[in-house]
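What follows is coords29.cif (mmCIF, C-alpha atoms).
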```
data_protein
loop_
_atom_site.label_atom_id
_atom_site.label_comp_id
_atom_site.auth_asym_id
_atom_site.auth_seq_id
_atom_site.Cartn_x
_atom_site.Cartn_y
_atom_site.Cartn_z
CA MET A 1 -5.22 -25.82 24.20
CA THR A 2 -8.52 -24.97 22.48
CA THR A 3 -9.12 -21.24 22.12
CA ARG A 4 -12.51 -19.64 22.66
CA ARG A 5 -12.68 -18.89 18.93
CA GLN A 6 -11.90 -22.51 18.00
CA PHE A 7 -14.42 -23.82 20.53
CA PHE A 8 -17.26 -21.75 19.13
CA GLY A 9 -16.26 -22.63 15.55
CA TYR A 10 -16.31 -26.38 16.21
CA ALA A 11 -19.43 -26.19 18.35
CA GLY A 12 -21.16 -24.20 15.62
CA ALA A 13 -20.22 -26.79 13.03
CA ALA A 14 -21.72 -29.55 15.20
CA ALA A 15 -24.90 -27.55 15.72
CA ALA A 16 -25.22 -26.89 12.00
CA GLY A 17 -24.80 -30.59 11.32
CA ALA A 18 -27.51 -31.44 13.81
CA ALA A 19 -29.84 -28.88 12.25
CA ALA A 20 -29.23 -30.33 8.82
CA THR A 21 -30.02 -33.82 10.10
CA GLY A 22 -33.24 -32.59 11.65
CA GLY A 23 -34.23 -30.99 8.35
CA ALA A 24 -33.67 -34.28 6.55
CA VAL A 25 -36.04 -36.08 8.95
CA VAL A 26 -38.76 -33.55 8.30
CA ALA A 27 -38.29 -33.95 4.55
CA LEU A 28 -38.63 -37.73 4.81
CA ASP A 29 -41.95 -37.32 6.57
CA ASN A 30 -43.31 -35.25 3.68
CA ASP A 31 -44.19 -37.50 0.74
CA THR A 32 -44.61 -34.55 -1.63
CA ALA A 33 -41.23 -32.94 -0.90
CA GLU A 34 -38.78 -32.89 -3.81
CA ALA A 35 -35.06 -33.36 -3.40
CA PRO A 36 -33.36 -29.94 -3.50
CA VAL A 37 -31.37 -29.07 -6.58
CA SER A 38 -27.70 -28.86 -5.65
CA ARG A 39 -26.20 -25.41 -6.06
CA THR A 40 -22.91 -26.34 -4.42
CA ILE A 41 -20.05 -25.18 -6.66
CA SER A 42 -16.86 -27.10 -5.99
CA PRO A 43 -14.01 -24.79 -4.96
CA TYR A 44 -11.42 -27.18 -6.44
CA GLY A 45 -10.12 -27.27 -10.00
CA ASP A 46 -7.61 -25.93 -12.49
CA HIS A 47 -9.14 -22.45 -12.23
CA GLN A 48 -10.85 -20.47 -9.47
CA ALA A 49 -14.48 -21.53 -9.46
CA GLY A 50 -16.12 -18.11 -9.72
CA ILE A 51 -14.53 -17.03 -12.99
CA ALA A 52 -15.93 -19.13 -15.86
CA ARG A 53 -19.59 -18.65 -15.03
CA ALA A 54 -22.30 -16.03 -15.28
CA ALA A 55 -22.42 -13.10 -12.89
CA PRO A 56 -23.95 -14.13 -9.55
CA ALA A 57 -27.32 -12.91 -8.31
CA ALA A 58 -25.62 -11.17 -5.40
CA ALA A 59 -21.97 -10.23 -4.98
CA GLU A 60 -19.53 -8.16 -2.97
CA LEU A 61 -16.01 -7.15 -3.87
CA VAL A 62 -13.57 -6.16 -1.13
CA SER A 63 -10.19 -4.62 -1.88
CA PHE A 64 -7.54 -4.78 0.86
CA LYS A 65 -4.39 -2.87 1.76
CA LEU A 66 -1.70 -5.38 2.64
CA GLY A 67 0.02 -4.91 6.00
CA THR A 68 2.37 -7.86 6.13
CA ASP A 69 5.34 -9.46 4.39
CA ARG A 70 5.52 -12.34 1.93
CA ALA A 71 5.38 -14.97 4.68
CA GLY A 72 2.34 -13.32 6.23
CA LEU A 73 0.60 -13.20 2.86
CA GLY A 74 1.21 -16.92 2.53
CA ARG A 75 -0.41 -17.53 5.91
CA LEU A 76 -3.42 -15.45 4.88
CA MET A 77 -3.80 -17.42 1.64
CA ARG A 78 -3.78 -20.69 3.59
CA LEU A 79 -6.43 -19.33 5.93
CA TRP A 80 -8.61 -17.91 3.15
CA THR A 81 -8.35 -21.17 1.20
CA SER A 82 -9.68 -23.05 4.21
CA ASP A 83 -12.45 -20.48 4.59
CA LEU A 84 -13.55 -20.51 0.96
CA VAL A 85 -13.73 -24.31 0.87
CA ALA A 86 -15.99 -24.32 3.93
CA LEU A 87 -18.13 -21.48 2.60
CA ALA A 88 -18.56 -23.12 -0.81
CA GLU A 89 -19.62 -26.38 0.84
CA GLY A 90 -22.08 -24.65 3.19
CA ARG A 91 -20.07 -25.35 6.34
CA PRO A 92 -19.06 -22.81 8.99
CA ALA A 93 -15.35 -22.09 8.95
CA PRO A 94 -13.45 -22.48 12.25
CA GLY A 95 -14.13 -19.44 14.41
CA ASP A 96 -17.41 -18.58 12.65
CA THR A 97 -19.47 -16.50 15.06
CA ALA A 98 -22.67 -17.00 13.03
CA PRO A 99 -22.47 -20.65 11.91
CA GLU A 100 -26.20 -20.84 11.17
CA LEU A 101 -25.62 -18.51 8.21
CA ALA A 102 -23.32 -21.03 6.52
CA VAL A 103 -25.99 -22.67 4.34
CA ALA A 104 -25.44 -25.24 1.59
CA ASN A 105 -26.76 -25.04 -1.98
CA LYS A 106 -26.41 -21.26 -2.27
CA GLY A 107 -23.94 -21.19 -5.15
CA VAL A 108 -21.22 -19.55 -3.06
CA THR A 109 -17.93 -18.77 -4.81
CA VAL A 110 -14.93 -16.82 -3.52
CA THR A 111 -12.45 -15.40 -6.02
CA VAL A 112 -9.08 -14.04 -4.84
CA GLY A 113 -6.69 -11.71 -6.66
CA PHE A 114 -3.35 -9.95 -6.14
CA GLY A 115 -2.83 -6.25 -6.93
CA PRO A 116 0.35 -4.88 -8.54
CA ARG A 117 2.05 -4.04 -5.19
CA VAL A 118 2.04 -7.68 -4.13
CA PHE A 119 4.72 -8.33 -6.74
CA GLU A 120 7.03 -5.80 -5.09
CA LEU A 121 7.14 -8.36 -2.25
CA THR A 122 7.15 -11.53 -4.29
CA GLY A 123 8.53 -10.73 -7.73
CA GLN A 124 7.23 -12.80 -10.67
CA ARG A 125 4.80 -10.13 -11.86
CA PRO A 126 2.52 -11.27 -14.71
CA PRO A 127 3.26 -9.40 -17.96
CA GLY A 128 1.22 -6.26 -18.55
CA LEU A 129 -0.11 -6.05 -14.98
CA ASP A 130 0.06 -2.43 -13.86
CA ASP A 131 -2.45 0.06 -12.54
CA LEU A 132 -4.53 1.31 -15.45
CA PRO A 133 -3.80 4.81 -16.78
CA VAL A 134 -6.41 7.45 -16.01
CA MET A 135 -8.54 7.92 -19.12
CA LYS A 136 -9.92 11.22 -20.41
CA HIS A 137 -13.47 10.52 -19.27
CA ASP A 138 -12.48 8.99 -15.91
CA ARG A 139 -13.32 10.80 -12.69
CA LEU A 140 -11.66 8.33 -10.36
CA GLU A 141 -12.29 8.45 -6.63
CA PRO A 142 -9.85 6.86 -4.15
CA ALA A 143 -12.83 5.33 -2.34
CA TRP A 144 -13.31 2.90 -5.25
CA SER A 145 -9.82 2.48 -6.70
CA GLY A 146 -6.69 0.38 -6.34
CA GLY A 147 -5.84 -2.29 -3.81
CA ASP A 148 -3.27 -4.97 -2.97
CA LEU A 149 -5.68 -7.89 -2.57
CA LEU A 150 -9.18 -8.63 -3.76
CA VAL A 151 -11.86 -11.05 -2.69
CA MET A 152 -15.07 -11.31 -4.68
CA VAL A 153 -17.87 -13.33 -3.12
CA GLY A 154 -20.84 -14.40 -5.22
CA ALA A 155 -23.95 -16.35 -4.21
CA ASP A 156 -27.63 -16.87 -4.91
CA ASP A 157 -28.65 -14.58 -2.03
CA ALA A 158 -27.25 -11.53 -0.27
CA VAL A 159 -27.27 -13.10 3.20
CA SER A 160 -24.77 -15.76 2.11
CA VAL A 161 -22.57 -13.07 0.56
CA VAL A 162 -22.61 -10.85 3.65
CA HIS A 163 -21.81 -13.80 5.90
CA ALA A 164 -18.90 -14.98 3.74
CA VAL A 165 -17.38 -11.50 3.49
CA ARG A 166 -17.68 -11.06 7.25
CA ARG A 167 -15.69 -14.26 7.80
CA LEU A 168 -12.99 -13.40 5.25
CA ILE A 169 -12.47 -9.88 6.62
CA ALA A 170 -12.22 -11.23 10.18
CA ASP A 171 -9.54 -13.71 9.19
CA ALA A 172 -7.62 -11.06 7.25
CA LYS A 173 -7.27 -8.70 10.23
CA PRO A 174 -3.68 -9.60 11.20
CA PHE A 175 -2.54 -9.26 7.58
CA ALA A 176 -4.67 -6.76 5.62
CA THR A 177 -7.37 -4.12 6.10
CA PRO A 178 -10.30 -3.27 3.78
CA LEU A 179 -9.65 -0.41 1.39
CA TRP A 180 -13.03 -0.37 -0.39
CA ARG A 181 -16.15 -2.51 -0.65
CA GLN A 182 -18.62 -2.71 -3.52
CA THR A 183 -21.86 -4.66 -3.60
CA GLY A 184 -23.81 -5.55 -6.71
CA PHE A 185 -26.53 -7.74 -8.15
CA TRP A 186 -27.38 -9.35 -11.46
CA ASP A 187 -30.30 -11.29 -12.93
CA SER A 188 -29.12 -13.93 -15.37
CA THR A 189 -32.27 -16.08 -15.23
CA GLY A 190 -35.17 -15.59 -17.65
CA PRO A 191 -38.90 -15.87 -16.83
CA ASP A 192 -38.80 -19.53 -17.89
CA GLY A 193 -35.93 -20.29 -15.50
CA LYS A 194 -33.38 -20.63 -18.28
CA PRO A 195 -30.08 -18.68 -18.32
CA VAL A 196 -30.07 -15.30 -20.04
CA THR A 197 -27.39 -12.66 -20.55
CA GLY A 198 -28.90 -10.16 -18.10
CA ARG A 199 -29.48 -6.41 -18.26
CA ASN A 200 -27.81 -3.33 -16.83
CA LEU A 201 -29.80 -0.45 -15.34
CA PHE A 202 -29.98 1.32 -18.71
CA GLY A 203 -32.15 -1.63 -19.73
CA GLN A 204 -29.57 -3.00 -22.14
CA VAL A 205 -28.85 -6.70 -22.58
CA ASP A 206 -25.24 -6.55 -21.40
CA GLY A 207 -22.50 -9.05 -22.27
CA THR A 208 -23.78 -10.60 -25.50
CA GLY A 209 -20.45 -10.73 -27.33
CA ASN A 210 -18.63 -12.86 -24.75
CA PRO A 211 -16.74 -15.98 -25.83
CA ALA A 212 -18.68 -19.11 -24.84
CA PHE A 213 -17.62 -21.08 -21.77
CA GLY A 214 -15.50 -24.14 -22.47
CA THR A 215 -14.53 -23.18 -26.01
CA PRO A 216 -10.97 -22.71 -27.31
CA GLU A 217 -11.88 -19.05 -27.86
CA PHE A 218 -12.78 -18.65 -24.18
CA ASP A 219 -9.62 -20.40 -23.01
CA GLN A 220 -7.39 -18.28 -25.24
CA THR A 221 -9.13 -15.09 -24.12
CA VAL A 222 -9.13 -15.70 -20.38
CA TRP A 223 -6.46 -18.15 -19.17
CA SER A 224 -2.79 -17.24 -19.22
CA SER A 225 -0.37 -19.62 -20.92
CA GLU A 226 2.61 -17.28 -20.63
CA GLY A 227 4.50 -15.42 -17.93
CA PRO A 228 5.62 -16.83 -14.57
CA ASP A 229 4.92 -20.50 -13.94
CA TRP A 230 2.70 -19.74 -10.92
CA PHE A 231 0.36 -17.64 -13.08
CA ARG A 232 -0.26 -20.13 -15.91
CA GLY A 233 -3.90 -21.12 -15.79
CA GLY A 234 -4.71 -17.88 -13.99
CA THR A 235 -6.21 -14.69 -15.39
CA THR A 236 -6.41 -10.96 -14.75
CA LEU A 237 -9.38 -8.95 -13.59
CA VAL A 238 -10.11 -5.29 -14.28
CA VAL A 239 -12.74 -3.71 -11.99
CA ARG A 240 -14.30 -0.46 -13.19
CA ARG A 241 -17.06 1.26 -11.21
CA ILE A 242 -19.20 3.15 -13.74
CA ARG A 243 -21.81 5.68 -12.64
CA LEU A 244 -24.85 5.79 -14.95
CA ASN A 245 -26.78 9.01 -15.46
CA LEU A 246 -30.24 7.46 -15.61
CA ASP A 247 -32.03 10.81 -15.53
CA THR A 248 -30.52 12.11 -18.77
CA TRP A 249 -30.62 8.64 -20.36
CA ASP A 250 -34.36 8.54 -19.75
CA GLU A 251 -34.75 11.81 -21.68
CA LEU A 252 -33.71 10.07 -24.91
CA THR A 253 -36.14 8.44 -27.28
CA ARG A 254 -35.92 4.68 -27.57
CA SER A 255 -34.37 4.94 -31.04
CA GLU A 256 -31.71 7.34 -29.72
CA GLN A 257 -30.83 4.92 -26.94
CA GLU A 258 -30.58 2.04 -29.40
CA ARG A 259 -28.43 4.05 -31.79
CA ALA A 260 -25.96 4.88 -28.99
CA VAL A 261 -25.65 1.18 -28.13
CA GLY A 262 -26.01 -0.31 -31.62
CA ARG A 263 -28.46 -2.95 -30.36
CA LYS A 264 -32.21 -3.25 -29.82
CA LEU A 265 -33.32 -2.77 -26.24
CA SER A 266 -36.09 -5.35 -26.53
CA THR A 267 -33.94 -8.38 -27.40
CA GLY A 268 -30.30 -7.27 -27.42
CA ALA A 269 -30.15 -8.05 -31.15
CA PRO A 270 -27.87 -5.83 -33.25
CA LEU A 271 -29.71 -3.15 -35.18
CA THR A 272 -28.87 -5.17 -38.29
CA GLY A 273 -30.37 -8.44 -36.93
CA THR A 274 -33.35 -10.03 -35.21
CA ALA A 275 -31.88 -12.19 -32.41
CA GLU A 276 -29.45 -11.41 -29.61
CA HIS A 277 -26.57 -13.49 -30.93
CA ASP A 278 -26.86 -12.47 -34.59
CA GLU A 279 -23.55 -11.23 -35.93
CA LEU A 280 -23.22 -7.46 -36.41
CA ASP A 281 -23.28 -6.24 -40.00
CA LEU A 282 -20.97 -3.30 -39.65
CA GLU A 283 -21.28 -2.32 -43.31
CA ALA A 284 -25.11 -2.14 -43.47
CA ARG A 285 -26.64 1.23 -44.37
CA ASP A 286 -30.16 2.60 -44.15
CA GLY A 287 -32.21 4.18 -46.93
CA ASP A 288 -30.42 7.51 -46.43
CA GLY A 289 -27.00 5.92 -46.75
CA ARG A 290 -26.17 6.17 -43.05
CA LEU A 291 -24.48 3.29 -41.26
CA VAL A 292 -27.16 1.35 -39.37
CA ILE A 293 -24.68 0.74 -36.55
CA ALA A 294 -23.13 4.17 -36.08
CA GLN A 295 -19.37 4.78 -36.08
CA ASN A 296 -19.50 5.69 -32.38
CA ALA A 297 -22.00 3.01 -31.30
CA HIS A 298 -20.78 1.00 -28.33
CA ALA A 299 -21.42 -2.34 -30.04
CA ARG A 300 -19.23 -1.38 -33.01
CA LEU A 301 -16.35 0.05 -30.99
CA SER A 302 -16.17 -2.96 -28.66
CA HIS A 303 -16.50 -5.60 -31.40
CA HIS A 304 -13.45 -7.82 -31.84
CA SER A 305 -13.33 -7.14 -35.59
CA GLU A 306 -12.77 -3.45 -34.84
CA ASN A 307 -10.02 -4.24 -32.32
CA ASP A 308 -7.62 -6.43 -34.31
CA GLY A 309 -9.33 -9.55 -33.01
CA ARG A 310 -8.83 -8.69 -29.34
CA ARG A 311 -11.42 -10.16 -26.98
CA ILE A 312 -12.24 -9.98 -23.29
CA PHE A 313 -14.66 -11.89 -21.08
CA ARG A 314 -16.77 -9.31 -19.33
CA LYS A 315 -19.42 -9.46 -16.62
CA GLY A 316 -21.51 -6.79 -14.99
CA LEU A 317 -23.00 -6.18 -11.57
CA ASN A 318 -25.63 -3.51 -11.15
CA TYR A 319 -25.29 -1.35 -8.09
CA VAL A 320 -27.15 1.37 -6.22
CA HIS A 321 -25.54 3.56 -3.60
CA ASP A 322 -27.89 5.50 -1.35
CA THR A 323 -27.08 8.60 0.72
CA GLY A 324 -30.22 9.70 2.49
CA ALA A 325 -32.80 10.34 -0.22
CA THR A 326 -30.15 10.50 -2.97
CA ARG A 327 -29.45 7.42 -5.06
CA GLU A 328 -26.50 6.79 -7.36
CA SER A 329 -26.93 3.96 -9.86
CA GLY A 330 -24.31 2.22 -11.92
CA LEU A 331 -22.45 -0.80 -13.15
CA ILE A 332 -19.50 -2.65 -11.65
CA PHE A 333 -17.73 -3.67 -14.84
CA LEU A 334 -15.60 -6.81 -14.55
CA SER A 335 -13.26 -7.84 -17.35
CA HIS A 336 -11.21 -11.06 -17.45
CA GLN A 337 -8.37 -11.48 -19.91
CA ALA A 338 -5.01 -13.23 -20.01
CA ASP A 339 -3.14 -9.94 -20.56
CA VAL A 340 -4.43 -6.53 -19.44
CA ALA A 341 -1.99 -4.49 -21.51
CA GLY A 342 -2.39 -6.58 -24.65
CA GLN A 343 -6.15 -7.15 -24.62
CA PHE A 344 -7.98 -4.68 -22.40
CA LEU A 345 -6.07 -1.41 -22.64
CA PRO A 346 -6.39 -0.95 -26.44
CA LEU A 347 -10.13 -1.58 -26.18
CA LEU A 348 -10.48 0.83 -23.26
CA ALA A 349 -8.60 3.57 -25.12
CA ARG A 350 -10.85 3.16 -28.16
CA LEU A 351 -14.03 3.38 -26.09
CA ASP A 352 -12.76 6.34 -24.07
CA ALA A 353 -12.03 8.27 -27.24
CA VAL A 354 -15.38 8.19 -29.05
CA ASP A 355 -17.94 5.83 -27.44
CA ALA A 356 -21.42 7.38 -27.65
CA LEU A 357 -22.20 6.05 -24.17
CA ASN A 358 -19.57 8.34 -22.64
CA GLU A 359 -22.22 11.06 -22.50
CA TRP A 360 -24.23 9.06 -19.94
CA THR A 361 -21.50 7.14 -18.10
CA THR A 362 -18.63 8.16 -15.81
CA THR A 363 -16.00 5.76 -14.46
CA ILE A 364 -15.38 6.62 -10.80
CA GLY A 365 -13.36 3.57 -9.71
CA SER A 366 -10.63 1.43 -11.24
CA ALA A 367 -8.47 -1.46 -10.10
CA VAL A 368 -6.58 -4.39 -11.60
CA PHE A 369 -5.65 -7.78 -10.13
CA ALA A 370 -3.89 -11.01 -11.08
CA LEU A 371 -6.01 -14.04 -10.19
CA PRO A 372 -3.96 -17.18 -9.52
CA PRO A 373 -5.09 -20.53 -10.92
CA GLY A 374 -7.19 -22.93 -8.85
CA PHE A 375 -6.07 -25.57 -6.39
CA ARG A 376 -6.60 -29.23 -5.51
CA THR A 377 -7.34 -30.92 -2.19
CA GLY A 378 -4.40 -30.31 0.12
CA GLU A 379 -3.22 -27.24 -1.82
CA TRP A 380 -3.90 -23.54 -1.30
CA LEU A 381 -4.38 -20.46 -3.46
CA GLY A 382 -1.16 -18.83 -4.65
CA GLN A 383 0.95 -21.72 -3.35
CA LYS A 384 3.41 -21.68 -6.27
CA LEU A 385 3.99 -17.95 -5.82
CA LEU A 386 4.22 -17.81 -2.03
CA SER A 387 5.69 -21.11 -0.84
#
```
Let's see the structure in the file written out as structure tokens.
Amino acid sequence: MTTRRQFFGYAGAAAAGAAATGGAVVALDNDTAEAPVSRTISPYGDHQAGIARAAPAAAELVSFKLGTDRAGLGRLMRLWTSDLVALAEGRPAPGDTAPELAVANKGVTVTVGFGPRVFELTGQRPPGLDDLPVMKHDRLEPAWSGGDLLVMVGADDAVSVVHAVRRLIADAKPFATPLWRQTGFWDSTGPDGKPVTGRNLFGQVDGTGNPAFGTPEFDQTVWSSEGPDWFRGGTTLVVRRIRLNLDTWDELTRSEQERAVGRKLSTGAPLTGTAEHDELDLEARDGDGRLVIAQNAHARLSHHSENDGRRIFRKGLNYVHDTGATRESGLIFLSHQADVAGQFLPLLARLDAVDALNEWTTTIGSAVFALPPGFRTGEWLGQKLLS
């Protein structure tokens, strides 16, 4: 028997298909129309599709409190896998109440992660995956912290993100309820249309030191090759919500801002270089004998050479949070690494201790998740863990 939800889902899919066909006819009638550039990102592969790429233009992260057992979690993962395939391909998922919002070529990705409590149900916890300790400068708020499950939706536009999240939350209802939601945005396209690193709301070029996609360095940094079999090819994700004090930051001179960061605001180049990707000269001194890149500069403290070679792959999402006429601005900091305890925690402790930027930043949310590897046609996310 076809349910009302199924009927509307299938009917919506047929209507969307008809609309797409009609659009194609119009395009054929227009001799000057150019074929659209495909922005469909395949949801299939060895790794989840949203990880090894730049931060999306628009994104939302939703953390969930799990309200089911291991078998129920497996059913949810099957359902979400079906949803994320449809969403990535621009098709309405079954039961979609707004199928017209499922639009192709929007660069939609859905990334799913498991919080530490999931492994109380399943066992096979990845090594080093525990809730992060509260750091000295943290002022954590429950409204932005923790969680048993995570979905992160990214896309080229906010409408596609909102629609995808709406569908995923609806399908999670029998199994999990939202704990917190965070929305963010990022601009990783330059004026010439070419990819750029992007800037946070301090105006800094943010993320320059990342390992390059597709390199052995990236693979060793991000993808797990140890731990439980189900987790190999997966990664971990640390989410830190960082409030930025823009008012006091704006009181600094430009040179003071650059000295706190260790990089030039104009190009992102280190203070010892001329281009963004120039290597830092951590020994260089000025005419007065002072280190050009200060001992407490963020760029120095986070550099792999100052952290026994440890690296992470980090992304940022700018956010604003409005309450009436009051606006809070900040950064949703996202860090991928194979091992949280071995790679991220030592770096976090070093930054918390003496980073110059601590004067203008406050971490108000923190969470950690294990992201399973990708899946092939006929498989589903987390299958090795939950089947």
List the residues selected by the PyMOL selection byres ((chain A and resi 345) around 12) in the file shown, writing them as JSON, numbers by chain.
{"A": [128, 129, 130, 131, 132, 133, 134, 135, 238, 302, 307, 310, 311, 312, 335, 337, 339, 340, 341, 342, 343, 344, 346, 347, 348, 349, 350, 351, 352, 368]}
Go ahead and find all residues with at least one atom no further than 10 Å from (-17.4, -7.4, -28.7) in the file's coordinates, using only C-alpha atoms; report them as an MDAnalysis selection string.
chainID A and resid 207:211 280 298:307 309:314 347
Could you please give me, as a PyMOL selection string, the residues of protein, DNA or RNA lying at most 7 Å from (-3.8, -5.8, 5.0) in the coordinate frame of the file, considering all atoms listed in the file?
chain A and resi 64-68+172-173+175-177
Could you tell me which residues the PyMOL selection byres ((chain A and resi 80) around 9) returns for this structure, as an mmCIF file with C-alpha atoms, in the frame of the given file?
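Result saved to result_5.cif:
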```
data_model
loop_
_atom_site.group_PDB
_atom_site.id
_atom_site.type_symbol
_atom_site.label_atom_id
_atom_site.label_comp_id
_atom_site.auth_asym_id
_atom_site.auth_seq_id
_atom_site.Cartn_x
_atom_site.Cartn_y
_atom_site.Cartn_z
ATOM 1 C CA ARG A 75 -0.410 -17.530 5.910
ATOM 2 C CA LEU A 76 -3.420 -15.450 4.880
ATOM 3 C CA MET A 77 -3.800 -17.420 1.640
ATOM 4 C CA ARG A 78 -3.780 -20.690 3.590
ATOM 5 C CA LEU A 79 -6.430 -19.330 5.930
ATOM 6 C CA THR A 81 -8.350 -21.170 1.200
ATOM 7 C CA SER A 82 -9.680 -23.050 4.210
ATOM 8 C CA ASP A 83 -12.450 -20.480 4.590
ATOM 9 C CA LEU A 84 -13.550 -20.510 0.960
ATOM 10 C CA VAL A 85 -13.730 -24.310 0.870
ATOM 11 C CA VAL A 112 -9.080 -14.040 -4.840
ATOM 12 C CA LEU A 168 -12.990 -13.400 5.250
ATOM 13 C CA ASP A 171 -9.540 -13.710 9.190
ATOM 14 C CA ALA A 172 -7.620 -11.060 7.250
ATOM 15 C CA TRP A 380 -3.900 -23.540 -1.300
ATOM 16 C CA LEU A 381 -4.380 -20.460 -3.460
#
```
Residues returned when the PyMOL selection byres ((chain A and resi 369) around 12) runs on this file, as a ChimeraX atom specification:
/A:63-64,111-119,125-132,145-152,231,234-240,334-340,366-368,370-372
The residue from A:Gln204, A:Thr215, A:Thr183, A:Gln220 with the smallest atom-to-atom distance to Ala269 (chain A), counting only C-alpha atoms, is A:Gln204
